[in-house]
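What follows is a set of notes on a single structure, which appears directly below.
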Amino acid sequence: MTKNEFINEIVGCQYINRGYAFGGCDCWGLVYLYFKEVLNCIPSLTGEYLDGHEFTKAFQAQLDMGEWEKVSNPSGGEVVFMMYNGDVATHCGVMIDSINCLHAFGNPETNQGQTVMWELSQVKRFLRRTLEMSELPRVEFYKWQH
């Protein structure tokens with residue numbers, strides 16, 4: 001599947017907490033789908049993610065598997081993690097290019113939300129407002145190395 005085909009298929013997809021399919025996904029499920037469908041590689045879904053642990057634990061479990069390499073500047077296809085209070089990961093998405101981010105957001109209890117493509121700066125402002133943060137979240141970029 002091409003990147004554009006994926007974007008056309010996934011934008012508007014319903015937010016489903018711990019979902020990782022075109023019928024519904026959360027932010028990490030979106031990352032999983034992108035890597036599987038566009039990059040033809042399948043990153044592991046950790047037990048922490050599948051068992052519904054909070055995102056911070058699921059994020060750290062992914063990094064601990066050693067499949068991800070931190071990069072300084074995105075060019076497209078990297079995962080972007082948005083951090084608050086220093087190093088606490090709260091959200092992730094896929095960088096489509098150096099500016100635009102594909103991300104799924106919603107309420108984990110009601111599954112209200114959807115997948116959208118916004119500029120990264122817009123995602124950061126949205127998170128600041130939604131999470132009532134005092135400053136914009138810090139971001140880190142990772143590429144899958146397998």
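How things are named: the first chain in the structure tokens is A, the next is B, and so on; residues count from 1 in each chain; ligands count from 1 in the order shown.
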
How close does stretch 72-112 of chain A get to stretch 117-120 of chain A? List, as CSV, each residue of stretch 72-112 of chain A within 9 Å, its nearest atom pair and the distance in Å to one decimal, counting only C-alpha atoms.
residue,atom,partner,partner_atom,distance
A:Met95,CA,A:Leu120,CA,8.1
A:Ile96,CA,A:Met117,CA,8.7
A:Ser98,CA,A:Leu120,CA,8.8
A:Ile99,CA,A:Glu119,CA,5.6
A:Asn100,CA,A:Glu119,CA,4.2
A:Cys101,CA,A:Leu120,CA,5.4
A:Leu102,CA,A:Met117,CA,4.3
A:His103,CA,A:Met117,CA,6.3
A:Ala104,CA,A:Met117,CA,8.7

Near stretch 29-33 of chain A, 12 Å: stretch 58-144 of chain A residue rows, closest pairs, only C-alpha atoms, as a Markdown table:
| residue | atom | partner | partner_atom | distance |
| --- | --- | --- | --- | --- |
| A:Ala58 | CA | A:Gly29 | CA | 11.7 |
| A:Phe59 | CA | A:Val31 | CA | 11.9 |
| A:Gln62 | CA | A:Tyr32 | CA | 11.4 |
| A:Gly77 | CA | A:Val31 | CA | 9.4 |
| A:Glu78 | CA | A:Val31 | CA | 9.1 |
| A:Val79 | CA | A:Val31 | CA | 6.9 |
| A:Val80 | CA | A:Val31 | CA | 9.4 |
| A:Phe81 | CA | A:Val31 | CA | 10.7 |
| A:His91 | CA | A:Val31 | CA | 11.0 |
| A:Cys92 | CA | A:Val31 | CA | 7.8 |
| A:Gly93 | CA | A:Val31 | CA | 6.2 |
| A:Val94 | CA | A:Val31 | CA | 6.1 |
| A:Met95 | CA | A:Val31 | CA | 9.7 |
| A:Ile96 | CA | A:Val31 | CA | 11.3 |
| A:Cys101 | CA | A:Val31 | CA | 11.0 |
| A:Leu102 | CA | A:Leu30 | CA | 8.3 |
| A:His103 | CA | A:Leu30 | CA | 7.0 |
| A:Ala104 | CA | A:Leu30 | CA | 6.7 |
| A:Phe105 | CA | A:Leu30 | CA | 10.0 |
| A:Gln114 | CA | A:Leu30 | CA | 10.6 |
| A:Thr115 | CA | A:Leu30 | CA | 8.2 |
| A:Val116 | CA | A:Leu30 | CA | 10.6 |
| A:Met117 | CA | A:Leu30 | CA | 11.7 |
| A:Tyr142 | CA | A:Val31 | CA | 11.2 |
| A:Lys143 | CA | A:Val31 | CA | 11.0 |
| A:Trp144 | CA | A:Val31 | CA | 10.7 |

Could you write out that same residue set with N, CA and C atoms as a short mmCIF file (atom, residue, chain, number, x, y, z; two decimals), in the first residue's frame?
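Result file follows (part.cif):
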data_model
loop_
_atom_site.label_atom_id
_atom_site.label_comp_id
_atom_site.auth_asym_id
_atom_site.auth_seq_id
_atom_site.Cartn_x
_atom_site.Cartn_y
_atom_site.Cartn_z
N ALA A 58 3.49 1.24 28.11
CA ALA A 58 3.51 0.60 26.79
C ALA A 58 4.61 1.20 25.92
N PHE A 59 4.78 2.53 25.98
CA PHE A 59 5.84 3.22 25.24
C PHE A 59 7.21 2.72 25.67
N GLN A 62 7.99 -0.74 24.41
CA GLN A 62 8.38 -0.74 22.99
C GLN A 62 9.86 -0.38 22.85
N GLY A 77 7.94 8.96 7.84
CA GLY A 77 7.93 7.55 8.22
C GLY A 77 8.40 7.29 9.64
N GLU A 78 8.77 8.33 10.36
CA GLU A 78 9.19 8.13 11.74
C GLU A 78 8.00 8.22 12.68
N VAL A 79 8.15 7.61 13.84
CA VAL A 79 7.17 7.77 14.91
C VAL A 79 7.55 9.01 15.68
N VAL A 80 6.57 9.82 16.04
CA VAL A 80 6.82 10.98 16.89
C VAL A 80 6.10 10.72 18.21
N PHE A 81 6.84 10.83 19.31
CA PHE A 81 6.26 10.72 20.63
C PHE A 81 6.19 12.11 21.23
N HIS A 91 1.36 10.69 23.88
CA HIS A 91 0.70 10.54 22.59
C HIS A 91 1.76 10.23 21.54
N CYS A 92 1.35 9.61 20.44
CA CYS A 92 2.29 9.37 19.34
C CYS A 92 1.55 9.46 18.02
N GLY A 93 2.32 9.55 16.96
CA GLY A 93 1.79 9.60 15.61
C GLY A 93 2.87 9.22 14.63
N VAL A 94 2.58 9.36 13.36
CA VAL A 94 3.54 9.05 12.30
C VAL A 94 3.81 10.32 11.52
N MET A 95 5.08 10.65 11.37
CA MET A 95 5.46 11.79 10.55
C MET A 95 5.35 11.38 9.08
N ILE A 96 4.52 12.09 8.33
CA ILE A 96 4.33 11.81 6.91
C ILE A 96 5.44 12.45 6.10
N CYS A 101 1.87 15.32 10.48
CA CYS A 101 1.77 14.18 11.38
C CYS A 101 0.39 13.54 11.25
N LEU A 102 0.38 12.25 11.10
CA LEU A 102 -0.85 11.48 11.10
C LEU A 102 -1.03 10.95 12.51
N HIS A 103 -2.18 11.24 13.14
CA HIS A 103 -2.37 10.75 14.51
C HIS A 103 -3.83 10.46 14.79
N ALA A 104 -4.04 9.51 15.71
CA ALA A 104 -5.38 9.13 16.15
C ALA A 104 -5.56 9.64 17.56
N PHE A 105 -6.62 10.36 17.80
CA PHE A 105 -6.87 10.86 19.15
C PHE A 105 -8.30 10.59 19.53
N GLN A 114 -11.05 10.29 16.28
CA GLN A 114 -10.75 9.79 14.94
C GLN A 114 -9.29 10.04 14.59
N THR A 115 -8.91 9.52 13.43
CA THR A 115 -7.58 9.73 12.89
C THR A 115 -7.60 10.95 11.97
N VAL A 116 -6.60 11.81 12.12
CA VAL A 116 -6.48 13.03 11.32
C VAL A 116 -5.03 13.22 10.89
N MET A 117 -4.82 14.10 9.92
CA MET A 117 -3.47 14.50 9.56
C MET A 117 -3.38 16.01 9.75
N TYR A 142 11.48 8.58 16.38
CA TYR A 142 12.10 7.26 16.34
C TYR A 142 11.83 6.60 15.00
N LYS A 143 12.81 5.86 14.52
CA LYS A 143 12.58 5.04 13.32
C LYS A 143 12.75 3.57 13.72
N TRP A 144 12.02 2.73 13.03
CA TRP A 144 12.11 1.29 13.29
C TRP A 144 13.33 0.77 12.59
#

>> Quick one: residues within 6 Å of A:Met82, only C-alpha atoms, excluding same-chain residues fewer than 2 positions away - as a list in words?
In response: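 The contact residues come out as Ala89, Thr90, His91, Cys92, Pro137, Arg138 and Val139 of chain A.
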
> With only C-alpha atoms as the atoms that count, which of A:Gly52, A:Pro74, A:Gly47, A:Gly66 lies nearest to A:Asp26?
Replying inline: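 Using only C-alpha atoms, A:Asp26 sits closest to A:Gly52.
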
>> Quick check for you: according to DSSP on this backbone, which residues of stretch 37-84 of chain A are classed as strand (DSSP E)? Reply as an MDAnalysis selection string.
In response: chainID A and resid 68:71 79:84

> With only C-alpha atoms as the basis for distance, which of A:Val38, A:Lys3, A:Gly19, A:Phe126 is at the shortest distance from A:Asp51?
Replying inline: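 Closest to A:Asp51 of all the choices is A:Gly19.
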
> Rounded to one decimal in Å, what is the spacing between atom CA of A:Glu135 and atom CA of A:Asp87?
Replying inline: 13.8 Å

> Could you pull out all residues of chain A with a DSSP call of helix (DSSP H, G or I) and give them as a count of residues only?
Replying inline: 44

> Which of these residues is nearest to A:Met133, using only C-alpha atoms: A:Met83, A:Met65, A:Val71, A:Cys27?
Replying inline: A:Met83

>> So that I can check the surroundings of A:Cys13, please list as a list of chain:residue names every protein, DNA and RNA residue that reaches within 7 Å of it, counting only C-alpha atoms and ignoring chain neighbours fewer than 2 positions away.
In response: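 Selected residues are A:Ile10, A:Val11, A:Tyr15, A:Phe22, A:Gly23, A:Gly24, A:Gln114, A:Thr115.
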
Give me a file of those residues, with N, CA, C and O atoms, as an mmCIF file, in the first residue's frame.
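Resulting contents of part_8.cif:
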data_model
loop_
_atom_site.group_PDB
_atom_site.id
_atom_site.type_symbol
_atom_site.label_atom_id
_atom_site.label_comp_id
_atom_site.auth_asym_id
_atom_site.auth_seq_id
_atom_site.Cartn_x
_atom_site.Cartn_y
_atom_site.Cartn_z
ATOM 1 N N ILE A 10 -7.084 5.749 6.126
ATOM 2 C CA ILE A 10 -7.082 5.856 7.589
ATOM 3 C C ILE A 10 -7.658 7.175 8.110
ATOM 4 O O ILE A 10 -8.199 7.218 9.212
ATOM 5 N N VAL A 11 -7.537 8.265 7.368
ATOM 6 C CA VAL A 11 -8.067 9.545 7.854
ATOM 7 C C VAL A 11 -9.583 9.423 8.020
ATOM 8 O O VAL A 11 -10.280 8.959 7.129
ATOM 9 N N TYR A 15 -11.553 6.330 16.444
ATOM 10 C CA TYR A 15 -10.642 6.027 17.546
ATOM 11 C C TYR A 15 -11.221 4.857 18.331
ATOM 12 O O TYR A 15 -12.374 4.888 18.758
ATOM 13 N N PHE A 22 -7.968 -1.025 10.476
ATOM 14 C CA PHE A 22 -8.620 0.066 9.748
ATOM 15 C C PHE A 22 -10.025 0.345 10.273
ATOM 16 O O PHE A 22 -10.543 1.435 10.110
ATOM 17 N N GLY A 23 -10.631 -0.612 10.933
ATOM 18 C CA GLY A 23 -11.952 -0.414 11.507
ATOM 19 C C GLY A 23 -11.944 0.430 12.770
ATOM 20 O O GLY A 23 -12.987 0.866 13.238
ATOM 21 N N GLY A 24 -10.772 0.663 13.325
ATOM 22 C CA GLY A 24 -10.630 1.488 14.519
ATOM 23 C C GLY A 24 -9.257 1.318 15.135
ATOM 24 O O GLY A 24 -8.739 0.198 15.209
ATOM 25 N N GLN A 114 -11.054 10.288 16.283
ATOM 26 C CA GLN A 114 -10.749 9.788 14.943
ATOM 27 C C GLN A 114 -9.291 10.039 14.591
ATOM 28 O O GLN A 114 -8.561 10.687 15.308
ATOM 29 N N THR A 115 -8.911 9.523 13.430
ATOM 30 C CA THR A 115 -7.575 9.730 12.886
ATOM 31 C C THR A 115 -7.600 10.948 11.967
ATOM 32 O O THR A 115 -8.511 11.092 11.154
#

>> Could you tell me how far atom CA of A:Gly76 sits from atom CA of A:Glu37, in Å to one decimal place?
In response: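 Taking atom CA of A:Glu37 as the start and atom CA of A:Gly76 as the end point, the length is 14.9 Å.
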